[in-house]
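Just query_5.pdb here, PDB, C-alpha atoms:
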ATOM      1  CA  MET A   1     -40.200 269.775 -97.049
ATOM      2  CA  VAL A   2     -40.866 268.287-100.540
ATOM      3  CA  ASP A   3     -38.077 267.193-102.930
ATOM      4  CA  PRO A   4     -38.144 267.773-106.718
ATOM      5  CA  ASP A   5     -39.603 264.260-107.207
ATOM      6  CA  GLY A   6     -42.561 265.149-105.208
ATOM      7  CA  GLN A   7     -41.591 263.022-102.220
ATOM      8  CA  ARG A   8     -41.464 264.477 -98.854
ATOM      9  CA  GLY A   9     -37.862 265.183 -97.829
ATOM     10  CA  GLU A  10     -36.430 264.243 -94.521
ATOM     11  CA  ASP A  11     -35.919 267.158 -92.308
ATOM     12  CA  SER A  12     -32.500 267.445 -90.754
ATOM     13  CA  THR A  13     -34.182 267.889 -87.471
ATOM     14  CA  ASP A  14     -35.714 264.416 -87.771
ATOM     15  CA  ARG A  15     -32.333 262.892 -88.584
ATOM     16  CA  TRP A  16     -30.692 264.355 -85.509
ATOM     17  CA  ALA A  17     -33.588 263.301 -83.354
ATOM     18  CA  ARG A  18     -32.875 259.656 -84.171
ATOM     19  CA  VAL A  19     -29.119 259.789 -83.412
ATOM     20  CA  PRO A  20     -28.399 258.514 -79.870
ATOM     21  CA  ALA A  21     -26.852 261.036 -77.596
ATOM     22  CA  VAL A  22     -23.172 260.525 -76.856
ATOM     23  CA  PRO A  23     -22.064 262.003 -73.611
ATOM     24  CA  PRO A  24     -19.122 264.321 -73.933
ATOM     25  CA  SER A  25     -15.740 263.283 -72.793
ATOM     26  CA  GLY A  26     -15.342 263.558 -69.028
ATOM     27  CA  SER A  27     -19.077 263.437 -68.384
ATOM     28  CA  VAL A  28     -20.483 261.774 -65.298
ATOM     29  CA  ALA A  29     -21.500 258.673 -67.238
ATOM     30  CA  THR A  30     -17.986 258.214 -68.615
ATOM     31  CA  ARG A  31     -16.267 258.901 -65.310
ATOM     32  CA  THR A  32     -18.412 256.463 -63.366
ATOM     33  CA  GLY A  33     -18.308 253.770 -66.013
ATOM     34  CA  ALA A  34     -22.082 253.502 -66.110
ATOM     35  CA  HIS A  35     -21.917 252.240 -69.695
ATOM     36  CA  ARG A  36     -19.058 249.687 -69.140
ATOM     37  CA  ALA A  37     -19.444 246.020 -68.312
ATOM     38  CA  PRO A  38     -17.614 244.927 -65.150
ATOM     39  CA  ASP A  39     -14.055 243.738 -65.944
ATOM     40  CA  SER A  40     -12.321 240.675 -64.538
ATOM     41  CA  ALA A  41     -10.895 242.579 -61.595
ATOM     42  CA  ASP A  42     -14.356 243.508 -60.503
ATOM     43  CA  ASP A  43     -15.437 239.863 -60.786
ATOM     44  CA  GLU A  44     -12.532 238.652 -58.606
ATOM     45  CA  SER A  45     -13.225 241.201 -55.927
ATOM     46  CA  VAL A  46     -16.557 239.640 -55.229
ATOM     47  CA  ALA A  47     -15.583 235.929 -55.818
ATOM     48  CA  ALA A  48     -16.317 233.522 -52.945
ATOM     49  CA  PRO A  49     -13.215 232.234 -50.951
ATOM     50  CA  PRO A  50     -12.101 228.621 -51.598
ATOM     51  CA  PRO A  51     -13.574 226.058 -49.196
ATOM     52  CA  ARG A  52     -11.393 225.185 -46.146
ATOM     53  CA  ASP A  53     -10.451 221.628 -45.161
ATOM     54  CA  PRO A  54     -12.632 220.098 -42.472
ATOM     55  CA  VAL A  55     -11.423 220.631 -38.905
ATOM     56  CA  GLY A  56     -10.774 216.915 -38.412
ATOM     57  CA  ARG A  57      -8.527 216.736 -41.445
ATOM     58  CA  ARG A  58      -6.519 219.735 -40.272
ATOM     59  CA  ILE A  59      -6.064 218.152 -36.854
ATOM     60  CA  VAL A  60      -4.887 214.836 -38.353
ATOM     61  CA  ARG A  61      -2.428 216.699 -40.612
ATOM     62  CA  GLY A  62      -1.069 218.666 -37.650
ATOM     63  CA  VAL A  63      -0.636 215.548 -35.520
ATOM     64  CA  GLY A  64       1.108 213.784 -38.413
ATOM     65  CA  GLU A  65       3.558 216.644 -38.842
ATOM     66  CA  LEU A  66       4.185 216.587 -35.092
ATOM     67  CA  PHE A  67       5.007 212.863 -35.171
ATOM     68  CA  ILE A  68       7.355 213.317 -38.133
ATOM     69  CA  THR A  69       9.206 216.101 -36.326
ATOM     70  CA  ALA A  70       9.428 214.049 -33.119
ATOM     71  CA  GLY A  71      10.691 211.049 -35.106
ATOM     72  CA  LEU A  72      13.452 213.087 -36.708
ATOM     73  CA  ILE A  73      14.507 214.477 -33.346
ATOM     74  CA  LEU A  74      14.561 210.961 -31.854
ATOM     75  CA  LEU A  75      16.596 209.668 -34.792
ATOM     76  CA  LEU A  76      19.147 212.453 -34.369
ATOM     77  CA  PHE A  77      19.349 211.699 -30.642
ATOM     78  CA  VAL A  78      19.990 207.995 -31.280
ATOM     79  CA  VAL A  79      22.660 208.792 -33.865
ATOM     80  CA  TYR A  80      24.348 211.125 -31.382
ATOM     81  CA  GLU A  81      24.151 208.708 -28.444
ATOM     82  CA  VAL A  82      25.300 205.648 -30.382
ATOM     83  CA  TYR A  83      27.762 206.957 -32.956
ATOM     84  CA  VAL A  84      28.894 210.430 -31.962
ATOM     85  CA  THR A  85      29.501 209.577 -28.306
ATOM     86  CA  ASP A  86      31.293 206.359 -29.321
ATOM     87  CA  TYR A  87      33.629 208.414 -31.485
ATOM     88  CA  LEU A  88      34.238 211.019 -28.767
ATOM     89  CA  THR A  89      34.871 208.371 -26.111
ATOM     90  CA  GLY A  90      37.250 206.577 -28.476
ATOM     91  CA  ARG A  91      39.265 209.777 -28.742
ATOM     92  CA  GLN A  92      39.318 210.131 -24.952
ATOM     93  CA  GLN A  93      40.381 206.496 -24.564
ATOM     94  CA  ASP A  94      43.325 207.081 -26.895
ATOM     95  CA  GLU A  95      44.412 210.075 -24.842
ATOM     96  CA  LEU A  96      44.004 208.206 -21.548
ATOM     97  CA  ALA A  97      45.994 205.226 -22.856
ATOM     98  CA  GLU A  98      48.844 207.490 -23.912
ATOM     99  CA  GLU A  99      48.887 209.280 -20.555
ATOM    100  CA  LEU A 100      48.816 205.963 -18.694
ATOM    101  CA  ARG A 101      51.744 204.575 -20.711
ATOM    102  CA  GLU A 102      53.753 207.676 -19.922
ATOM    103  CA  GLN A 103      53.057 207.241 -16.211
ATOM    104  CA  TRP A 104      54.022 203.593 -16.320
ATOM    105  CA  GLU A 105      57.274 204.347 -18.096
ATOM    106  CA  GLN A 106      58.432 206.578 -15.267
ATOM    107  CA  PRO A 107      60.943 204.966 -12.870
ATOM    108  CA  GLN A 108      59.238 202.832 -10.213
ATOM    109  CA  GLY A 109      60.429 201.334  -6.967
ATOM    110  CA  GLU A 110      60.893 197.624  -6.503
ATOM    111  CA  GLY A 111      57.893 195.296  -6.185
ATOM    112  CA  PRO A 112      54.389 195.592  -7.600
ATOM    113  CA  GLN A 113      53.351 199.183  -8.203
ATOM    114  CA  LEU A 114      49.652 199.802  -7.722
ATOM    115  CA  ARG A 115      49.474 203.376  -6.478
ATOM    116  CA  GLN A 116      46.613 204.888  -4.513
ATOM    117  CA  VAL A 117      44.098 206.220  -7.009
ATOM    118  CA  GLU A 118      41.624 209.074  -6.737
ATOM    119  CA  ILE A 119      38.248 209.500  -8.393
ATOM    120  CA  GLY A 120      38.768 210.077 -12.109
ATOM    121  CA  ASP A 121      42.269 208.574 -12.206
ATOM    122  CA  ALA A 122      43.146 206.000 -14.873
ATOM    123  CA  PHE A 123      44.956 203.044 -13.323
ATOM    124  CA  GLY A 124      44.623 199.949 -15.536
ATOM    125  CA  VAL A 125      43.600 198.465 -18.860
ATOM    126  CA  LEU A 126      40.812 195.916 -19.286
ATOM    127  CA  ARG A 127      41.262 193.312 -22.021
ATOM    128  CA  ILE A 128      38.578 190.789 -23.028
ATOM    129  CA  PRO A 129      39.639 188.513 -25.931
ATOM    130  CA  ARG A 130      36.062 187.254 -26.404
ATOM    131  CA  LEU A 131      35.054 190.799 -27.393
ATOM    132  CA  GLY A 132      37.860 191.168 -29.922
ATOM    133  CA  GLU A 133      41.581 190.628 -30.310
ATOM    134  CA  ASP A 134      42.185 194.359 -30.026
ATOM    135  CA  TYR A 135      39.687 194.966 -27.219
ATOM    136  CA  ALA A 136      41.379 197.225 -24.646
ATOM    137  CA  ARG A 137      39.694 199.810 -22.415
ATOM    138  CA  VAL A 138      41.368 202.105 -19.914
ATOM    139  CA  ILE A 139      39.789 201.754 -16.449
ATOM    140  CA  LEU A 140      39.036 204.841 -14.369
ATOM    141  CA  GLU A 141      38.347 205.127 -10.667
ATOM    142  CA  GLY A 142      34.691 205.956 -10.006
ATOM    143  CA  THR A 143      31.329 205.120 -11.528
ATOM    144  CA  ASN A 144      29.744 208.551 -11.957
ATOM    145  CA  GLU A 145      28.761 209.606 -15.456
ATOM    146  CA  THR A 146      31.899 211.757 -15.617
ATOM    147  CA  GLU A 147      34.012 208.586 -15.477
ATOM    148  CA  LEU A 148      31.689 206.248 -17.390
ATOM    149  CA  SER A 149      31.538 208.657 -20.324
ATOM    150  CA  LYS A 150      35.272 208.009 -20.767
ATOM    151  CA  GLY A 151      35.418 204.241 -20.194
ATOM    152  CA  PRO A 152      34.774 201.454 -17.680
ATOM    153  CA  GLY A 153      34.695 202.684 -14.084
ATOM    154  CA  HIS A 154      35.872 200.973 -10.902
ATOM    155  CA  TYR A 155      33.387 200.905  -8.026
ATOM    156  CA  GLU A 156      35.014 202.906  -5.266
ATOM    157  CA  GLY A 157      35.715 200.773  -2.193
ATOM    158  CA  THR A 158      35.833 197.419  -3.997
ATOM    159  CA  ALA A 159      39.055 195.421  -4.348
ATOM    160  CA  MET A 160      41.861 196.470  -6.642
ATOM    161  CA  PRO A 161      43.262 194.020  -9.248
ATOM    162  CA  GLY A 162      44.860 190.955  -7.644
ATOM    163  CA  GLU A 163      43.546 191.669  -4.140
ATOM    164  CA  PRO A 164      41.198 189.381  -2.181
ATOM    165  CA  GLY A 165      37.635 190.516  -2.659
ATOM    166  CA  ASN A 166      35.769 191.693  -5.726
ATOM    167  CA  VAL A 167      37.161 194.004  -8.411
ATOM    168  CA  ALA A 168      33.865 195.531  -9.570
ATOM    169  CA  LEU A 169      33.693 197.473 -12.828
ATOM    170  CA  ALA A 170      30.762 199.250 -14.532
ATOM    171  CA  GLY A 171      30.452 200.290 -18.149
ATOM    172  CA  HIS A 172      27.916 201.529 -20.676
ATOM    173  CA  ARG A 173      26.179 198.978 -22.881
ATOM    174  CA  VAL A 174      25.294 201.371 -25.722
ATOM    175  CA  GLY A 175      26.945 204.713 -26.358
ATOM    176  CA  LYS A 176      29.872 206.410 -24.628
ATOM    177  CA  GLY A 177      32.199 203.927 -26.298
ATOM    178  CA  SER A 178      29.856 200.947 -25.694
ATOM    179  CA  PRO A 179      32.555 199.014 -23.775
ATOM    180  CA  PHE A 180      30.150 196.271 -22.623
ATOM    181  CA  LEU A 181      27.913 196.120 -25.695
ATOM    182  CA  GLU A 182      28.470 192.368 -26.236
ATOM    183  CA  LEU A 183      29.015 191.321 -22.648
ATOM    184  CA  ASP A 184      26.234 188.751 -23.004
ATOM    185  CA  ALA A 185      28.531 186.762 -25.330
ATOM    186  CA  MET A 186      30.828 185.732 -22.465
ATOM    187  CA  GLN A 187      31.216 181.985 -21.852
ATOM    188  CA  PRO A 188      32.468 179.950 -18.842
ATOM    189  CA  GLY A 189      36.258 179.947 -18.657
ATOM    190  CA  ASP A 190      36.678 183.040 -20.860
ATOM    191  CA  PRO A 191      39.672 185.122 -19.712
ATOM    192  CA  ILE A 192      39.296 188.711 -18.568
ATOM    193  CA  VAL A 193      42.711 190.330 -18.241
ATOM    194  CA  VAL A 194      43.544 193.447 -16.241
ATOM    195  CA  GLU A 195      46.827 195.179 -16.958
ATOM    196  CA  THR A 196      48.456 197.418 -14.342
ATOM    197  CA  ALA A 197      51.743 199.290 -14.245
ATOM    198  CA  ASP A 198      53.871 196.164 -13.838
ATOM    199  CA  SER A 199      51.544 193.142 -13.785
ATOM    200  CA  TRP A 200      48.904 191.144 -15.621
ATOM    201  CA  PHE A 201      45.953 189.622 -13.771
ATOM    202  CA  VAL A 202      43.901 186.908 -15.452
ATOM    203  CA  TYR A 203      40.337 186.276 -14.299
ATOM    204  CA  ARG A 204      38.103 183.565 -15.763
ATOM    205  CA  VAL A 205      34.337 183.657 -16.107
ATOM    206  CA  LEU A 206      32.617 181.335 -13.645
ATOM    207  CA  GLY A 207      30.560 178.357 -14.757
ATOM    208  CA  ASP A 208      31.254 174.963 -16.294
ATOM    209  CA  PRO A 209      33.491 175.273 -19.390
ATOM    210  CA  ALA A 210      32.783 171.658 -20.348
ATOM    211  CA  THR A 211      29.049 172.187 -20.708
ATOM    212  CA  GLY A 212      28.916 175.931 -21.223
ATOM    213  CA  ASP A 213      26.568 176.291 -18.255
ATOM    214  CA  LEU A 214      27.190 179.663 -16.645
ATOM    215  CA  ALA A 215      25.182 178.707 -13.568
ATOM    216  CA  ALA A 216      27.064 175.492 -12.781
ATOM    217  CA  ASP A 217      30.165 176.810 -10.992
ATOM    218  CA  PRO A 218      31.104 174.737  -7.897
ATOM    219  CA  SER A 219      31.311 177.941  -5.846
ATOM    220  CA  GLY A 220      27.600 178.542  -6.349
ATOM    221  CA  ILE A 221      28.347 181.940  -7.866
ATOM    222  CA  PRO A 222      26.896 182.185 -11.387
ATOM    223  CA  GLY A 223      29.019 183.390 -14.241
ATOM    224  CA  ARG A 224      26.146 185.538 -15.502
ATOM    225  CA  GLN A 225      23.170 187.157 -13.811
ATOM    226  CA  ILE A 226      20.313 189.495 -14.724
ATOM    227  CA  VAL A 227      19.335 191.586 -11.699
ATOM    228  CA  ARG A 228      17.495 194.744 -10.726
ATOM    229  CA  PRO A 229      19.509 197.981 -10.446
ATOM    230  CA  ALA A 230      19.000 197.964  -6.664
ATOM    231  CA  ASP A 231      20.617 194.518  -6.229
ATOM    232  CA  ILE A 232      24.058 195.673  -5.110
ATOM    233  CA  ASP A 233      25.065 192.361  -3.505
ATOM    234  CA  VAL A 234      26.552 191.373  -6.858
ATOM    235  CA  ILE A 235      29.563 193.605  -6.110
ATOM    236  CA  ALA A 236      30.029 192.356  -2.531
ATOM    237  CA  PRO A 237      33.528 191.021  -1.634
ATOM    238  CA  THR A 238      32.090 187.553  -2.273
ATOM    239  CA  PRO A 239      29.493 188.107  -5.004
ATOM    240  CA  ASN A 240      25.873 187.773  -3.794
ATOM    241  CA  GLN A 241      27.021 187.341  -0.176
ATOM    242  CA  ALA A 242      27.031 190.817   1.301
ATOM    243  CA  ALA A 243      27.575 189.735   4.917
ATOM    244  CA  SER A 244      30.498 187.364   4.298
ATOM    245  CA  ALA A 245      34.228 187.965   4.128
ATOM    246  CA  PRO A 246      36.023 187.528   0.797
ATOM    247  CA  SER A 247      36.224 183.856  -0.133
ATOM    248  CA  GLY A 248      38.617 184.515  -3.012
ATOM    249  CA  SER A 249      39.638 187.078  -5.589
ATOM    250  CA  TYR A 250      36.834 187.921  -7.982
ATOM    251  CA  LEU A 251      36.069 190.341 -10.772
ATOM    252  CA  THR A 252      32.552 191.543 -11.594
ATOM    253  CA  LEU A 253      31.431 193.465 -14.679
ATOM    254  CA  THR A 254      28.092 195.308 -14.622
ATOM    255  CA  THR A 255      26.148 196.991 -17.414
ATOM    256  CA  CYS A 256      22.595 197.876 -18.456
ATOM    257  CA  HIS A 257      20.170 195.249 -19.754
ATOM    258  CA  PRO A 258      18.656 194.870 -22.248
ATOM    259  CA  ARG A 259      20.345 197.039 -24.840
ATOM    260  CA  PHE A 260      18.959 200.586 -25.024
ATOM    261  CA  SER A 261      17.358 200.130 -21.596
ATOM    262  CA  ALA A 262      18.293 200.624 -17.951
ATOM    263  CA  GLN A 263      15.531 198.481 -16.456
ATOM    264  CA  GLN A 264      17.916 195.715 -15.390
ATOM    265  CA  ARG A 265      21.604 194.954 -14.999
ATOM    266  CA  LEU A 266      23.659 192.303 -16.793
ATOM    267  CA  ILE A 267      26.327 190.889 -14.470
ATOM    268  CA  ILE A 268      29.413 188.805 -15.307
ATOM    269  CA  HIS A 269      31.410 187.176 -12.487
ATOM    270  CA  ALA A 270      34.961 185.861 -12.843
ATOM    271  CA  ARG A 271      37.612 184.475 -10.491
ATOM    272  CA  LEU A 272      41.370 185.144 -10.419
ATOM    273  CA  ASP A 273      43.316 182.410 -12.186
ATOM    274  CA  GLY A 274      46.648 182.240 -10.376
ATOM    275  CA  GLY A 275      48.535 185.317  -9.188
ATOM    276  CA  ALA A 276      50.109 188.406 -10.679
ATOM    277  CA  LEU A 277      52.140 187.852 -13.863
ATOM    278  CA  SER A 278      55.145 190.099 -14.342
ATOM    279  CA  LYS A 279      55.077 192.406 -17.367
ATOM    280  CA  ALA A 280      58.875 192.330 -17.355
ATOM    281  CA  GLU A 281      58.691 188.601 -18.110
ATOM    282  CA  LEU A 282      55.629 188.824 -20.371
ATOM    283  CA  PRO A 283      55.846 192.212 -22.103
ATOM    284  CA  ASP A 284      53.380 191.177 -24.817
ATOM    285  CA  GLY A 285      50.819 189.845 -22.382
ATOM    286  CA  PRO A 286      49.963 186.499 -20.765
ATOM    287  CA  PRO A 287      49.057 183.439 -22.880
ATOM    288  CA  ALA A 288      45.375 183.934 -21.938
ATOM    289  CA  LEU A 289      45.257 186.983 -24.211
ATOM    290  CA  PHE A 290      45.886 184.795 -27.239
ATOM    291  CA  GLU A 291      43.496 181.941 -26.537
ATOM    292  CA  GLY A 292      41.185 180.919 -29.346
TER     293      GLY A 292
END
What is this structure when it is put down as structure tokens?
Amino acid sequence: MVDPDGQRGEDSTDRWARVPAVPPSGSVATRTGAHRAPDSADDESVAAPPPRDPVGRRIVRGVGELFITAGLILLLFVVYEVYVTDYLTGRQQDELAEELREQWEQPQGEGPQLRQVEIGDAFGVLRIPRLGEDYARVILEGTNETELSKGPGHYEGTAMPGEPGNVALAGHRVGKGSPFLELDAMQPGDPIVVETADSWFVYRVLGDPATGDLAADPSGIPGRQIVRPADIDVIAPTPNQAASAPSGSYLTLTTCHPRFSAQQRLIIHARLDGGALSKAELPDGPPALFEG
């Protein structure tokens, strides 16, 4: 086709031939996205996973977490054994002391009243001025955990307060009231006082008060010993002499040693200083309670 200027005109067919084809809406190309670049979602779907920690590092982390958990459990156990049980035993001691006072206030016959006691019965009060002016622990008959969880326990079959032989008492060092926590502080001549329904009995730790030597008592019985748990001769009628008859009136305190361990036993031996002192004459206690 030629235009009026004499130039060849562009045929409409040529123009349409050069226009790129546009697929109609809904065509296969549009539906499948053949003409779209992959979006971000498509990229993420094929992204490589992040690298994992080495096996050794994971094991170390796991062991560390295990130790932390075990440490927390141990800490909670110690808190319970030392503080919670002390508090609970203190409450039980208060109740036992009140019950014992009520028993003692009931009318009694004439003469010293030291009734026959059964396992679990409270029958006296232990006072040790060296361990505090207000130190007072109700004594129970028996040395099973049932009794020791409440206070010092009296070894069944050993002497009763004031009698010839050996009044042997056991108590926890740490926890359950910790009655013998500082028993290693005892010195020769220190008084240990046992209160019963109508009497006071004063025992004094063996040794040489002049020098402070706990092993220098003329009797040959040391004021303090560290022994194995199986060494039961320490509570014999005459301490450390299982085959002999009582050579006097003694008192022995036993507890675990060292603190927080039951590998050994800490032993304190004392001897009766005089006889029974009447509570009617000394209602506030014997002079030994107020020494130092």
Coordinates-based distance that separates atom CA of Asp190 of chain A from atom CA of Gly212 of chain A (Å, one decimal): 10.5 Å
For Thr255 of chain A, the nearest of the candidates A:Gly124, A:Pro229, A:Gly275, A:Gly223, counting all atoms listed in the file: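 For Thr255 of chain A, the nearest of the candidates is A:Pro229.
Nearest residue to His172 of chain A, choosing from A:Arg224, A:Arg130, A:His257, A:Arg271 and counting all atoms listed in the file: A:His257.
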Selection result of the PyMOL selection byres ((chain A and resi 165-168) around 12) on this file, as number ranges by chain: A: 124, 126, 139-143, 152-164, 169-171, 192-194, 201, 203, 232-242, 244-255, 267-272
Between atom CA of Lys279 of chain A and atom CA of Trp200 of chain A, distance in Å (one decimal): 6.5 Å
Atom CA of Pro191 of chain A to atom CA of Arg204 of chain A, distance in Å rounded to a single decimal: 4.5 Å
Output check: residues returned by the PyMOL selection byres ((chain A and resi 207) around 12), as number ranges by chain: A: 186-190, 204-206, 208-225, 268-271
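Taken over the whole file, the PyMOL selection byres ((chain A and resi 226) around 6) covers exactly Gln225, Val227, Arg265 and Leu266 of chain A.
In this comparison, which uses only C-alpha atoms, the residue of A:Ala122, A:Val138, A:Ile59, A:Ile73 approaching Asp94 of chain A most closely is A:Val138.
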